[in-house]
>>> print(open('start-v1.txt').read())   # compact mmCIF, C-alpha atoms
# COMPACT_ATOMS: atom_id res chain seq x y z
CA MET J 1026 97.86 96.30 45.44
CA ARG J 1027 98.13 98.77 42.65
CA LEU J 1028 95.42 97.16 40.63
CA ASN J 1029 92.74 99.21 42.22
CA LEU J 1030 94.33 102.55 41.44
CA PRO J 1031 92.79 104.20 38.42
CA ARG J 1032 95.06 104.72 35.46
CA VAL J 1033 95.08 108.51 35.66
CA CYS J 1034 96.92 108.52 38.95
CA ARG J 1035 99.18 105.56 38.51
CA PRO J 1036 101.93 106.22 41.06
CA GLN J 1037 104.97 108.00 39.68
CA SER J 1038 106.90 106.85 42.69
CA LEU J 1039 106.36 104.86 45.83
CA ARG J 1040 105.89 108.10 47.70
CA SER J 1041 102.89 109.07 45.66
CA LEU J 1042 101.01 105.97 46.73
CA ALA J 1043 99.95 108.09 49.64
CA ALA J 1044 99.44 111.26 47.62
CA PRO J 1045 96.20 112.90 48.64
CA LEU J 1046 95.39 113.85 45.05
CA CYS J 1047 94.76 110.22 44.10
CA THR J 1048 91.19 109.25 44.65
CA ARG J 1049 90.96 105.51 45.14
CA ARG J 1050 88.22 103.53 43.55
CA THR J 1051 86.23 101.57 45.97
CA TYR J 1052 85.69 98.56 43.72
CA ALA J 1053 88.28 96.15 42.41
CA PHE J 1054 89.06 95.51 38.79
CA GLN J 1055 91.70 93.53 36.97
CA ALA J 1056 93.81 95.81 34.80
CA SER J 1057 95.23 94.14 31.73
CA GLY J 1058 98.99 93.58 31.67
CA GLY J 1059 101.87 95.86 32.64
CA THR J 1060 100.44 96.58 36.05
CA VAL J 1061 103.72 97.08 37.87
CA PHE J 1062 105.00 100.58 37.42
CA LYS J 1063 108.73 100.48 36.75
CA VAL J 1064 110.80 103.07 38.55
CA PHE J 1065 114.25 101.48 38.50
CA ASN J 1066 116.22 99.75 35.82
CA SER J 1067 117.12 96.46 37.48
CA ARG J 1068 119.72 95.58 34.85
CA THR J 1069 121.54 98.86 35.46
CA LYS J 1070 121.43 98.17 39.17
CA TRP J 1071 122.86 94.69 38.58
CA LEU J 1072 125.65 96.11 36.42
CA GLN J 1073 126.48 98.72 39.04
CA LYS J 1074 126.74 96.08 41.75
CA GLU J 1075 128.90 93.83 39.60
CA ARG J 1076 131.11 96.75 38.77
CA ALA J 1077 131.42 97.82 42.39
CA ALA J 1078 132.36 94.29 43.42
CA ALA J 1079 135.01 94.13 40.70
CA ASN J 1080 137.14 96.36 42.91
CA PRO J 1081 136.97 94.51 46.25
CA GLU J 1082 139.30 96.90 48.05
CA LEU J 1083 137.30 100.03 47.27
CA SER J 1084 134.04 98.17 47.71
CA ARG J 1085 135.02 96.98 51.22
CA GLN J 1086 136.19 100.46 52.13
CA SER J 1087 132.77 101.92 51.38
CA ASP J 1088 130.83 99.18 53.16
CA TYR J 1089 130.64 101.29 56.35
CA LEU J 1090 127.00 102.21 55.86
CA LYS J 1091 125.81 98.72 54.99
CA ASP J 1092 127.78 97.16 57.85
CA GLU J 1093 126.38 99.66 60.33
CA VAL J 1094 122.79 99.14 59.23
CA ALA J 1095 123.20 95.34 59.13
CA MET J 1096 124.47 95.53 62.70
CA ARG J 1097 121.44 97.56 63.79
CA VAL J 1098 119.09 95.15 62.05
CA CYS J 1099 120.72 92.20 63.81
CA GLU J 1100 120.54 93.94 67.18
CA ARG J 1101 116.79 93.64 66.88
CA LEU J 1102 117.19 89.88 67.02
CA LEU J 1103 118.28 90.14 70.64
CA ASP J 1104 114.66 90.76 71.59
CA ILE J 1105 113.40 87.51 70.10
CA LYS J 1106 114.14 84.59 72.38
CA ARG J 1107 113.91 81.86 69.85
CA GLN J 1108 116.06 79.52 67.78
CA PHE J 1109 115.75 80.01 64.02
CA PRO J 1110 116.34 76.82 61.97
CA ARG J 1111 116.28 78.51 58.54
CA VAL J 1112 116.69 82.22 57.83
CA LEU J 1113 116.61 84.15 54.57
CA ASP J 1114 118.71 87.26 54.00
CA LEU J 1115 117.01 88.92 51.05
CA GLY J 1116 119.20 91.29 49.04
CA ALA J 1117 122.32 90.29 50.91
CA ASN J 1118 124.72 92.67 49.13
CA SER J 1119 128.16 91.43 50.24
CA CYS J 1120 126.68 89.35 53.09
CA ASN J 1121 126.81 92.28 55.50
CA ILE J 1122 124.17 90.63 57.66
CA ALA J 1123 126.17 87.43 57.96
CA ARG J 1124 129.16 89.48 59.06
CA ALA J 1125 127.07 91.31 61.64
CA LEU J 1126 125.64 88.05 62.95
CA THR J 1127 129.08 86.63 63.70
CA ARG J 1128 130.15 89.68 65.72
CA GLU J 1129 131.17 88.92 69.31
CA ASN J 1130 128.97 90.29 72.08
CA PRO J 1131 126.29 91.94 69.93
CA ASP J 1132 124.44 93.51 72.88
CA PRO J 1133 125.24 97.26 72.92
CA ASP J 1134 124.15 97.64 76.56
CA PRO J 1135 127.28 97.32 78.75
CA SER J 1136 125.21 96.43 81.84
CA ASN J 1137 124.14 93.13 80.26
CA PRO J 1138 126.42 90.12 80.47
CA VAL J 1139 128.58 89.23 77.50
CA SER J 1140 126.42 87.38 74.97
CA PRO J 1141 127.48 84.95 72.26
CA PRO J 1142 127.34 85.99 68.59
CA LEU J 1143 123.81 86.04 67.17
CA ALA J 1144 124.84 83.42 64.63
CA THR J 1145 124.36 80.80 67.37
CA LYS J 1146 120.60 81.43 67.19
CA ILE J 1147 120.54 80.56 63.50
CA ASN J 1148 121.01 77.06 62.12
CA GLU J 1149 121.08 77.95 58.44
CA LEU J 1150 121.32 81.32 56.71
CA VAL J 1151 120.36 81.62 53.04
CA ALA J 1152 121.88 84.77 51.53
CA ALA J 1153 120.05 85.72 48.34
CA GLU J 1154 121.36 88.44 46.03
CA SER J 1155 121.14 89.12 42.32
CA SER J 1156 124.77 90.14 41.82
CA ALA J 1157 126.98 87.06 42.05
CA SER J 1158 130.26 89.02 42.22
CA LEU J 1159 129.03 91.04 45.17
CA LEU J 1160 127.57 87.99 46.91
CA TYR J 1161 130.80 85.99 46.62
CA ARG J 1162 133.12 88.96 47.21
CA ASP J 1163 133.90 87.94 50.79
CA ALA J 1164 133.45 84.19 50.43
CA ASP J 1165 137.04 83.57 51.55
CA LEU J 1166 136.93 85.66 54.72
CA PRO J 1167 137.00 83.98 58.16
CA PHE J 1168 133.42 84.91 59.17
CA ASN J 1169 132.08 82.40 56.64
CA SER J 1170 133.20 79.49 58.79
CA GLN J 1171 131.42 80.84 61.87
CA LEU J 1172 127.94 80.21 60.59
CA ASN J 1173 126.22 77.81 58.26
CA MET J 1174 125.54 79.95 55.20
CA THR J 1175 124.44 79.10 51.69
CA ARG J 1176 124.62 81.69 48.95
CA HIS J 1177 121.85 81.90 46.42
CA VAL J 1178 122.10 84.01 43.26
CA LEU J 1179 118.69 85.41 42.34
CA THR J 1180 117.88 85.57 38.66
CA ASP J 1181 115.24 88.17 39.36
CA ASP J 1182 115.25 90.57 42.31
CA GLU J 1183 111.51 90.69 42.40
CA SER J 1184 110.47 87.06 42.44
CA LEU J 1185 111.60 84.75 45.20
CA PRO J 1186 112.31 81.20 44.06
CA PHE J 1187 111.59 79.69 47.49
CA GLU J 1188 108.91 77.36 48.73
CA PRO J 1189 106.00 78.87 50.67
CA SER J 1190 106.31 78.54 54.46
CA SER J 1191 109.97 77.53 54.28
CA PHE J 1192 111.72 80.15 56.43
CA ASP J 1193 111.64 80.89 60.14
CA MET J 1194 112.71 84.48 59.61
CA VAL J 1195 113.44 86.87 56.75
CA LEU J 1196 116.02 89.62 57.12
CA SER J 1197 116.72 92.36 54.62
CA SER J 1198 119.18 95.20 54.91
CA LEU J 1199 119.49 98.12 52.50
CA SER J 1200 118.26 96.52 49.32
CA LEU J 1201 114.47 96.90 49.30
CA HIS J 1202 114.77 100.50 48.11
CA TRP J 1203 115.72 99.25 44.61
CA ILE J 1204 112.63 97.08 44.27
CA ASN J 1205 110.06 98.22 41.71
CA ASP J 1206 107.17 96.16 43.03
CA LEU J 1207 107.54 96.61 46.77
CA PRO J 1208 103.99 95.45 47.64
CA GLY J 1209 104.55 92.30 45.56
CA VAL J 1210 107.89 91.48 47.14
CA LEU J 1211 106.53 92.06 50.65
CA SER J 1212 103.68 89.63 50.04
CA GLN J 1213 106.17 87.11 48.67
CA ILE J 1214 108.22 87.53 51.85
CA ASN J 1215 105.06 86.96 53.82
CA SER J 1216 104.38 83.83 51.83
CA VAL J 1217 107.84 82.22 52.25
CA LEU J 1218 107.64 82.75 56.01
CA LYS J 1219 106.31 80.04 58.29
CA PRO J 1220 103.31 81.09 60.41
CA ASP J 1221 104.17 83.31 63.37
CA SER J 1222 107.62 84.19 61.99
CA PRO J 1223 109.17 87.64 61.81
CA PHE J 1224 110.35 89.75 58.91
CA ILE J 1225 112.97 92.28 59.98
CA GLY J 1226 114.06 94.76 57.34
CA ALA J 1227 115.75 98.09 56.81
CA MET J 1228 115.70 100.23 53.72
CA LEU J 1229 116.68 103.72 52.69
CA GLY J 1230 113.75 106.07 52.54
CA GLY J 1231 112.34 109.53 52.86
CA ASP J 1232 114.91 112.25 53.06
CA THR J 1233 117.92 110.11 52.20
CA LEU J 1234 120.55 112.21 50.41
CA PHE J 1235 118.26 115.25 50.35
CA GLU J 1236 121.36 117.47 50.38
CA LEU J 1237 122.65 115.95 47.16
CA ARG J 1238 119.19 115.91 45.63
CA THR J 1239 118.59 119.62 46.26
CA SER J 1240 122.02 120.88 45.30
CA LEU J 1241 122.07 118.88 42.07
CA GLN J 1242 118.63 120.22 41.22
CA LEU J 1243 119.75 123.79 41.82
CA ALA J 1244 122.97 123.25 39.87
CA GLU J 1245 121.19 121.75 36.87
CA GLN J 1246 118.47 124.36 36.99
CA GLU J 1247 120.99 127.17 36.94
CA ARG J 1248 123.45 125.68 34.47
CA ARG J 1249 121.12 123.94 32.04
CA GLY J 1250 117.67 125.28 32.73
CA GLY J 1251 116.06 121.98 33.65
CA ILE J 1252 116.45 118.98 35.92
CA SER J 1253 116.80 115.23 35.56
CA PRO J 1254 116.44 112.74 38.42
CA HIS J 1255 119.76 111.93 40.08
CA VAL J 1256 118.50 110.61 43.41
CA SER J 1257 115.90 107.84 43.53
CA PRO J 1258 112.36 108.44 44.66
CA LEU J 1259 112.11 106.66 47.99
CA ALA J 1260 109.34 105.23 50.12
CA ASP J 1261 108.25 107.31 53.08
CA VAL J 1262 107.78 106.04 56.63
CA ARG J 1263 104.03 106.53 56.33
CA ASP J 1264 103.90 104.34 53.24
CA VAL J 1265 105.88 101.49 54.76
CA GLY J 1266 103.37 100.79 57.52
CA GLY J 1267 100.56 100.61 54.98
CA LEU J 1268 102.59 98.42 52.64
CA LEU J 1269 103.40 95.92 55.39
CA GLN J 1270 99.79 95.81 56.46
CA ARG J 1271 98.59 95.20 52.92
CA ALA J 1272 101.12 92.39 52.54
CA GLY J 1273 99.42 90.68 55.47
CA PHE J 1274 101.93 91.29 58.27
CA GLN J 1275 100.78 91.52 61.88
CA MET J 1276 102.15 93.40 64.90
CA LEU J 1277 104.01 95.96 62.87
CA THR J 1278 106.87 98.07 64.12
CA VAL J 1279 108.20 100.81 61.87
CA ASP J 1280 110.79 103.29 63.00
CA VAL J 1281 113.25 105.66 61.44
CA GLU J 1282 116.78 106.69 62.17
CA ASP J 1283 119.05 109.11 60.44
CA ILE J 1284 122.70 108.37 59.87
CA VAL J 1285 124.63 111.48 58.88
CA VAL J 1286 128.01 110.92 57.28
CA ASP J 1287 130.45 113.79 56.72
CA TYR J 1288 132.44 113.84 53.50
CA PRO J 1289 135.33 116.09 52.45
CA ASP J 1290 133.65 116.99 49.16
CA THR J 1291 130.84 115.93 46.86
CA PHE J 1292 133.21 113.87 44.75
CA ALA J 1293 134.12 111.70 47.72
CA LEU J 1294 130.42 111.21 48.42
CA MET J 1295 129.61 110.23 44.85
CA GLN J 1296 132.63 107.98 44.61
CA ASP J 1297 131.55 106.13 47.74
CA LEU J 1298 127.99 105.80 46.49
CA GLN J 1299 129.31 104.29 43.31
CA ALA J 1300 131.59 101.92 45.19
CA MET J 1301 128.59 100.82 47.27
CA GLY J 1302 126.78 99.99 44.04
CA GLU J 1303 124.20 102.62 44.94
CA GLY J 1304 124.51 104.71 41.78
CA ASN J 1305 121.53 106.19 40.02
CA ALA J 1306 119.37 103.54 38.33
CA VAL J 1307 116.15 105.48 37.86
CA LEU J 1308 114.45 104.76 34.57
CA GLY J 1309 114.11 107.92 32.54
CA ARG J 1310 117.24 109.50 33.93
CA GLU J 1311 119.48 111.32 31.52
CA MET J 1312 121.97 108.78 30.22
CA GLY J 1313 125.67 109.33 30.47
CA ALA J 1314 127.72 111.16 33.01
CA ILE J 1315 126.68 114.36 34.74
CA ARG J 1316 128.31 117.28 32.94
CA ARG J 1317 131.40 118.81 34.44
CA ASP J 1318 129.77 122.24 34.60
CA VAL J 1319 126.95 120.83 36.68
CA LEU J 1320 129.37 119.00 38.95
CA LEU J 1321 131.37 122.16 39.43
CA ALA J 1322 128.23 124.14 40.29
CA ASN J 1323 126.97 121.31 42.50
CA GLU J 1324 130.13 121.29 44.59
CA ALA J 1325 129.78 125.04 45.24
CA ILE J 1326 126.03 124.91 45.98
CA TYR J 1327 126.24 121.87 48.26
CA ARG J 1328 128.90 123.61 50.30
CA ALA J 1329 126.97 126.89 50.50
CA LEU J 1330 123.61 125.30 51.26
CA HIS J 1331 124.46 122.36 53.52
CA GLY J 1332 128.16 122.56 54.40
CA ASN J 1333 129.34 122.14 58.00
CA GLU J 1334 131.37 124.85 59.68
CA ASP J 1335 134.49 122.71 59.65
CA GLY J 1336 134.37 122.52 55.84
CA THR J 1337 132.96 119.01 55.57
CA LEU J 1338 129.73 118.15 53.77
CA PRO J 1339 127.03 116.16 55.56
CA ALA J 1340 125.03 113.47 53.78
CA THR J 1341 121.93 112.11 55.47
CA PHE J 1342 120.91 108.48 55.13
CA ARG J 1343 117.42 107.88 56.52
CA ILE J 1344 116.96 104.26 57.46
CA ILE J 1345 113.44 102.90 57.78
CA HIS J 1346 113.40 99.86 60.03
CA MET J 1347 110.44 97.55 59.84
CA ILE J 1348 109.34 94.45 61.68
CA GLY J 1349 106.26 92.47 60.77
CA TRP J 1350 105.06 89.03 61.80
CA LYS J 1351 103.32 86.53 59.63
CA GLU J 1352 99.95 85.64 61.02
CA GLY J 1353 99.97 82.55 63.20
CA ALA J 1354 97.99 80.74 65.84
CA ASN J 1355 98.32 81.97 69.44
CA GLN J 1356 99.63 85.31 68.29
CA PRO J 1357 98.60 88.28 70.41
CA LYS J 1358 95.89 90.21 68.61
CA PRO J 1359 94.28 93.57 69.21
CA LEU J 1360 90.90 93.30 70.91
CA LYS J 1361 87.75 94.12 69.06
CA ARG J 1362 86.85 97.75 68.68
CA GLY J 1363 84.73 99.02 71.54
CA SER J 1364 85.57 96.08 73.81
CA GLY J 1365 87.72 98.16 76.17
CA GLU J 1366 86.39 98.35 79.72
CA VAL J 1367 88.89 100.68 81.33
CA ASN J 1368 88.77 104.35 80.57
CA LEU J 1369 92.27 105.51 79.68
CA LYS J 1370 91.40 108.98 80.86
CA ASP J 1371 90.85 107.77 84.43
CA ILE J 1372 94.23 106.08 84.51
CA LEU J 1373 96.04 109.06 83.10
CA GLU J 1374 94.34 111.46 85.52
CA GLN J 1375 95.33 109.37 88.54
CA LYS J 1376 99.01 109.98 87.79
CA MET O 40 148.34 100.35 44.70
CA GLN O 41 146.45 103.21 43.07
CA PRO O 42 146.17 102.08 39.45
CA LYS O 43 146.10 105.43 37.68
CA THR O 44 144.55 108.78 38.30
CA ARG O 45 141.10 108.96 36.83
CA PRO O 46 140.24 112.24 35.11
CA ILE O 47 137.55 112.96 37.68
CA GLN O 48 140.15 112.85 40.45
CA ARG O 49 142.14 115.60 38.84
CA PHE O 50 138.89 117.49 38.30
CA ALA O 51 138.06 117.25 41.99
CA GLN O 52 141.56 118.27 42.97
CA ALA O 53 141.46 121.35 40.75
CA VAL O 54 137.98 122.31 41.98
CA SER O 55 139.09 122.07 45.60
CA LYS O 56 141.56 124.91 44.99
CA CYS O 57 138.84 127.35 43.98
CA SER O 58 136.95 127.58 47.25
CA ALA O 59 136.76 131.39 47.24
CA GLU O 60 135.11 131.54 43.83
CA ALA O 61 132.91 128.59 44.72
CA ALA O 62 131.71 130.36 47.85
CA VAL O 63 130.74 133.45 45.84
CA TYR O 64 128.84 131.35 43.31
CA GLY O 65 127.20 129.27 46.06
CA GLN O 66 126.07 132.38 47.91
CA CYS O 67 124.60 133.78 44.70
CA ILE O 68 122.42 130.67 44.30
CA VAL O 69 121.55 130.20 47.95
CA ALA O 70 120.59 133.86 48.40
CA ASP O 71 117.34 133.13 46.59
CA TYR O 72 117.11 129.44 45.83
CA ASN O 73 113.37 129.45 45.25
CA SER O 74 113.69 131.31 41.99
CA VAL O 75 116.70 129.82 40.26
CA HIS O 76 116.62 130.06 36.49
CA LYS O 77 119.11 129.34 33.75
CA ASP O 78 122.22 131.53 33.91
CA LYS O 79 121.01 133.29 37.04
CA CYS O 80 124.57 133.37 38.33
CA ALA O 81 126.39 133.03 35.02
CA LYS O 82 128.92 135.73 35.87
CA GLU O 83 129.91 134.09 39.15
CA PHE O 84 130.00 130.68 37.51
CA LEU O 85 132.35 131.83 34.76
CA LYS O 86 134.74 133.20 37.41
CA LEU O 87 134.62 129.83 39.14
CA LYS O 88 135.21 128.01 35.89
CA ASP O 89 138.10 130.28 34.94
CA CYS O 90 139.72 129.54 38.27
CA TYR O 91 139.17 125.82 37.73
CA LEU O 92 140.70 125.95 34.22
CA VAL O 93 143.81 127.71 35.53
CA ARG O 94 144.21 125.23 38.39
CA ASN O 95 143.61 122.32 36.08
CA ARG O 96 146.31 123.47 33.69
CA ALA O 97 148.69 123.91 36.60
CA LEU O 98 147.95 120.35 37.67
CA ILE O 99 148.57 118.97 34.20
CA THR O 100 151.96 120.65 33.89
CA SER O 101 153.02 119.64 37.40
CA HIS O 102 151.92 116.08 36.72
CA SER O 103 153.95 115.87 33.56
CA THR O 104 157.15 117.13 35.21
CA ILE O 105 156.87 115.53 38.63
CA SER O 106 155.78 111.96 39.18
CA VAL O 107 152.07 111.50 39.77
CA ASP O 108 151.13 112.16 43.37
CA THR O 109 147.82 110.91 44.66
CA PRO O 110 145.45 113.53 46.09
CA SER O 111 144.89 113.53 49.85
CA HIS O 112 141.27 112.49 49.74
CA SER O 113 140.99 110.88 46.41
CA SER O 114 137.71 111.34 44.64
CA LYS O 115 138.15 108.74 42.09
CA GLN O 116 134.95 108.43 40.28
CA ALA O 117 131.90 110.47 40.71
CA MET O 118 130.15 109.72 37.58
CA ALA O 119 131.50 107.26 35.18
CA LYS O 120 128.97 105.47 33.05
CA GLY O 121 125.62 105.31 34.78
CA GLY O 122 126.84 107.07 37.91
CA ARG O 123 125.01 109.80 39.69
>>> encode(input="start-v1.txt", output="structure tokens")
Amino acid sequence: MRLNLPRVCRPQSLRSLAAPLCTRRTYAFQASGGTVFKVFNSRTKWLQKERAAANPELSRQSDYLKDEVAMRVCERLLDIKRQFPRVLDLGANSCNIARALTRENPDPDPSNPVSPPLATKINELVAAESSASLLYRDADLPFNSQLNMTRHVLTDDESLPFEPSSFDMVLSSLSLHWINDLPGVLSQINSVLKPDSPFIGAMLGGDTLFELRTSLQLAEQERRGGISPHVSPLADVRDVGGLLQRAGFQMLTVDVEDIVVDYPDTFALMQDLQAMGEGNAVLGREMGAIRRDVLLANEAIYRALHGNEDGTLPATFRIIHMIGWKEGANQPKPLKRGSGEVNLKDILEQK
Amino acid sequence: MQPKTRPIQRFAQAVSKCSAEAAVYGQCIVADYNSVHKDKCAKEFLKLKDCYLVRNRALITSHSTISVDTPSHSSKQAMAKGGR
């Protein structure tokens, strides 16, 4: 994917893949070695997850975001009337998806009849995650017995050790935003899927934590005269559609929703982020803790710039949901360009 | 069940008692946030920091005489190693 970008505009972040300044070459060439641009330190990320899982109580307390998003991802399964023999949960965190699948009556619409847990549609769930402590954190809880789940510890987040065409569905909730080589991982997902099987994912993107990003920038700028990255660069909605398409997915659906969480102060927000294992792991960040002066200034600026009237501080999490299908026989396809016989204008004018 | 108060918790607790000074400093920055430079609001910041230092000292002395009470909304760790 990135091979055909010239060296001078190698993307600094996923966002800049779509930057208009980059002129793309129209011919392909094989760049030698080191083609994947590293944005995140995957070892730091692993350590942060292990550390978060070392305190199960705090870690469970701050699982609200991951549980909510996992639930919303699983709700999308209601639309697919199919039985899934083997399903992969990529980047399972603490098996939030498994927990959401075993929930009673998953349909949010009260007019529909009570439906069984979604886990009944799945014969085997493979939960893959690089942090063993996080993956096995809830292995003793009752939901484990309600579905057939195997846990798989990944040695590398970015290469899937599974056979091609071995899964009937791939799910992923809130872990793709730490992947360096997103195009590569998406094509691997496409490859492990059987033909005509869906990939349903959700990741943080776009304006996630823009309040914290801006106030920390202002605080560092004013206190220290310069800034260092504290919030990850994230993929934008526009990029995700293109990425899925390049990975070979068909019938794409990409949509966004914002979840705004109110916190009493910035320290509570940062504590929760740390307990989620979502601390800063950007390569090239300033090592060590943020200085107290900056934290003090940040608290004041966040409150002045973004604070709610009731004294709480909002934090936005922008979730990008994506659905793509692996190409298969008998799949509905768009007709050829110019083959339309009905003028849309006529139909719209009749109304 | 709370193991022990982490330093950052006490920091957060002390900062929360300086909301007036924090508001003044925040307003100073937000008034023109497109042209923030180093020490633009140094005067306001030093007032905020003075307030924090006083509150922090008060917390230390109260903690040493009275048994440790946990803050209402504990902000345990914002930024230990590798944190944001």
>>> interface_residues(input="start-v1.txt", of="chain J", to="chain O", cutoff="10 Å", atoms="only C-alpha atoms", output="number ranges by chain")
J: 1069-1070, 1072-1073, 1237, 1239-1251, 1254-1256, 1288-1300, 1302-1307, 1310-1318, 1320-1330
>>> residues_around(input="start-v1.txt", residues="Asn1130 of chain J", least_positions_apart="2", cutoff="12 Å", atoms="only C-alpha atoms", output="list in words")
Met1096, Cys1099, Glu1100, Leu1103, Ala1125, Leu1126, Thr1127, Arg1128, Asp1132, Pro1133, Asp1134, Pro1135, Asn1137, Pro1138, Val1139, Ser1140, Pro1141, Pro1142, Leu1143, Ala1144 and Thr1145 of chain J
>>> atom_distance(input="start-v1.txt", atom1="atom CA of Leu1166 of chain J", atom2="atom CA of Arg1076 of chain J")
20.3 Å
>>> residues_around(input="start-v1.txt", residues="Arg1097 of chain J", least_positions_apart="5", cutoff="10 Å", atoms="only C-alpha atoms", output="JSON, numbers by chain")
{"J": [1091, 1092, 1102, 1122, 1125, 1131, 1133, 1198, 1227, 1346]}
>>> axis_aligned_box(input="start-v1.txt", around="segment 1135-1149 of chain J", padding_each_side="8 Å", output="JSON")
{"center_x": 124.6, "center_y": 87.2, "center_z": 70.1, "size_x": 24.0, "size_y": 36.3, "size_z": 39.4}
>>> atom_distance(input="start-v1.txt", atom1="atom CA of Ile1284 of chain J", atom2="atom CA of Pro1339 of chain J")
9.9 Å
>>> residues_around(input="start-v1.txt", residues="Glu1149 of chain J", least_positions_apart="2", cutoff="7 Å", atoms="only C-alpha atoms", output="number ranges by chain")
J: 1110-1112, 1147, 1151, 1173-1174
>>> write_last_selection(input="start-v1.txt", atoms="C-alpha atoms", output="compact mmCIF listing (two decimals), keeping the file's coordinate frame")
# COMPACT_ATOMS: atom_id res chain seq x y z
CA PRO J 1110 116.34 76.82 61.97
CA ARG J 1111 116.28 78.51 58.54
CA VAL J 1112 116.69 82.22 57.83
CA ILE J 1147 120.54 80.56 63.50
CA VAL J 1151 120.36 81.62 53.04
CA ASN J 1173 126.22 77.81 58.26
CA MET J 1174 125.54 79.95 55.20
>>> atom_distance(input="start-v1.txt", atom1="atom CA of Arg49 of chain O", atom2="atom CA of Thr1233 of chain J")
28.2 Å
>>> residues_around(input="start-v1.txt", residues="Ile1345 of chain J", least_positions_apart="5", cutoff="12 Å", atoms="all atoms listed in the file", output="mmCIF file with C-alpha atoms, keeping the file's coordinate frame")
data_model
loop_
_atom_site.group_PDB
_atom_site.id
_atom_site.type_symbol
_atom_site.label_atom_id
_atom_site.label_comp_id
_atom_site.auth_asym_id
_atom_site.auth_seq_id
_atom_site.Cartn_x
_atom_site.Cartn_y
_atom_site.Cartn_z
ATOM 1 C CA VAL J 1094 122.790 99.140 59.230
ATOM 2 C CA ARG J 1097 121.440 97.560 63.790
ATOM 3 C CA VAL J 1098 119.090 95.150 62.050
ATOM 4 C CA SER J 1197 116.720 92.360 54.620
ATOM 5 C CA SER J 1198 119.180 95.200 54.910
ATOM 6 C CA LEU J 1199 119.490 98.120 52.500
ATOM 7 C CA SER J 1200 118.260 96.520 49.320
ATOM 8 C CA LEU J 1201 114.470 96.900 49.300
ATOM 9 C CA HIS J 1202 114.770 100.500 48.110
ATOM 10 C CA ILE J 1225 112.970 92.280 59.980
ATOM 11 C CA GLY J 1226 114.060 94.760 57.340
ATOM 12 C CA ALA J 1227 115.750 98.090 56.810
ATOM 13 C CA MET J 1228 115.700 100.230 53.720
ATOM 14 C CA LEU J 1229 116.680 103.720 52.690
ATOM 15 C CA GLY J 1230 113.750 106.070 52.540
ATOM 16 C CA GLY J 1231 112.340 109.530 52.860
ATOM 17 C CA ASP J 1232 114.910 112.250 53.060
ATOM 18 C CA THR J 1233 117.920 110.110 52.200
ATOM 19 C CA LEU J 1259 112.110 106.660 47.990
ATOM 20 C CA ALA J 1260 109.340 105.230 50.120
ATOM 21 C CA ASP J 1261 108.250 107.310 53.080
ATOM 22 C CA VAL J 1262 107.780 106.040 56.630
ATOM 23 C CA ARG J 1263 104.030 106.530 56.330
ATOM 24 C CA ASP J 1264 103.900 104.340 53.240
ATOM 25 C CA VAL J 1265 105.880 101.490 54.760
ATOM 26 C CA GLY J 1266 103.370 100.790 57.520
ATOM 27 C CA THR J 1278 106.870 98.070 64.120
ATOM 28 C CA VAL J 1279 108.200 100.810 61.870
ATOM 29 C CA ASP J 1280 110.790 103.290 63.000
ATOM 30 C CA VAL J 1281 113.250 105.660 61.440
ATOM 31 C CA GLU J 1282 116.780 106.690 62.170
ATOM 32 C CA ASP J 1283 119.050 109.110 60.440
ATOM 33 C CA ILE J 1284 122.700 108.370 59.870
#
>>> residues_around(input="start-v1.txt", residues="Trp1071 of chain J", least_positions_apart="4", cutoff="8 Å", atoms="only C-alpha atoms", output="ChimeraX atom specification")
/J:1067,1075,1155-1156
>>> closest_residue(input="start-v1.txt", among="J:Ile1105, J:Val1285, J:Glu1188, J:Asp1163", to="Arg1343 of chain J", atoms="all atoms listed in the file")
J:Val1285
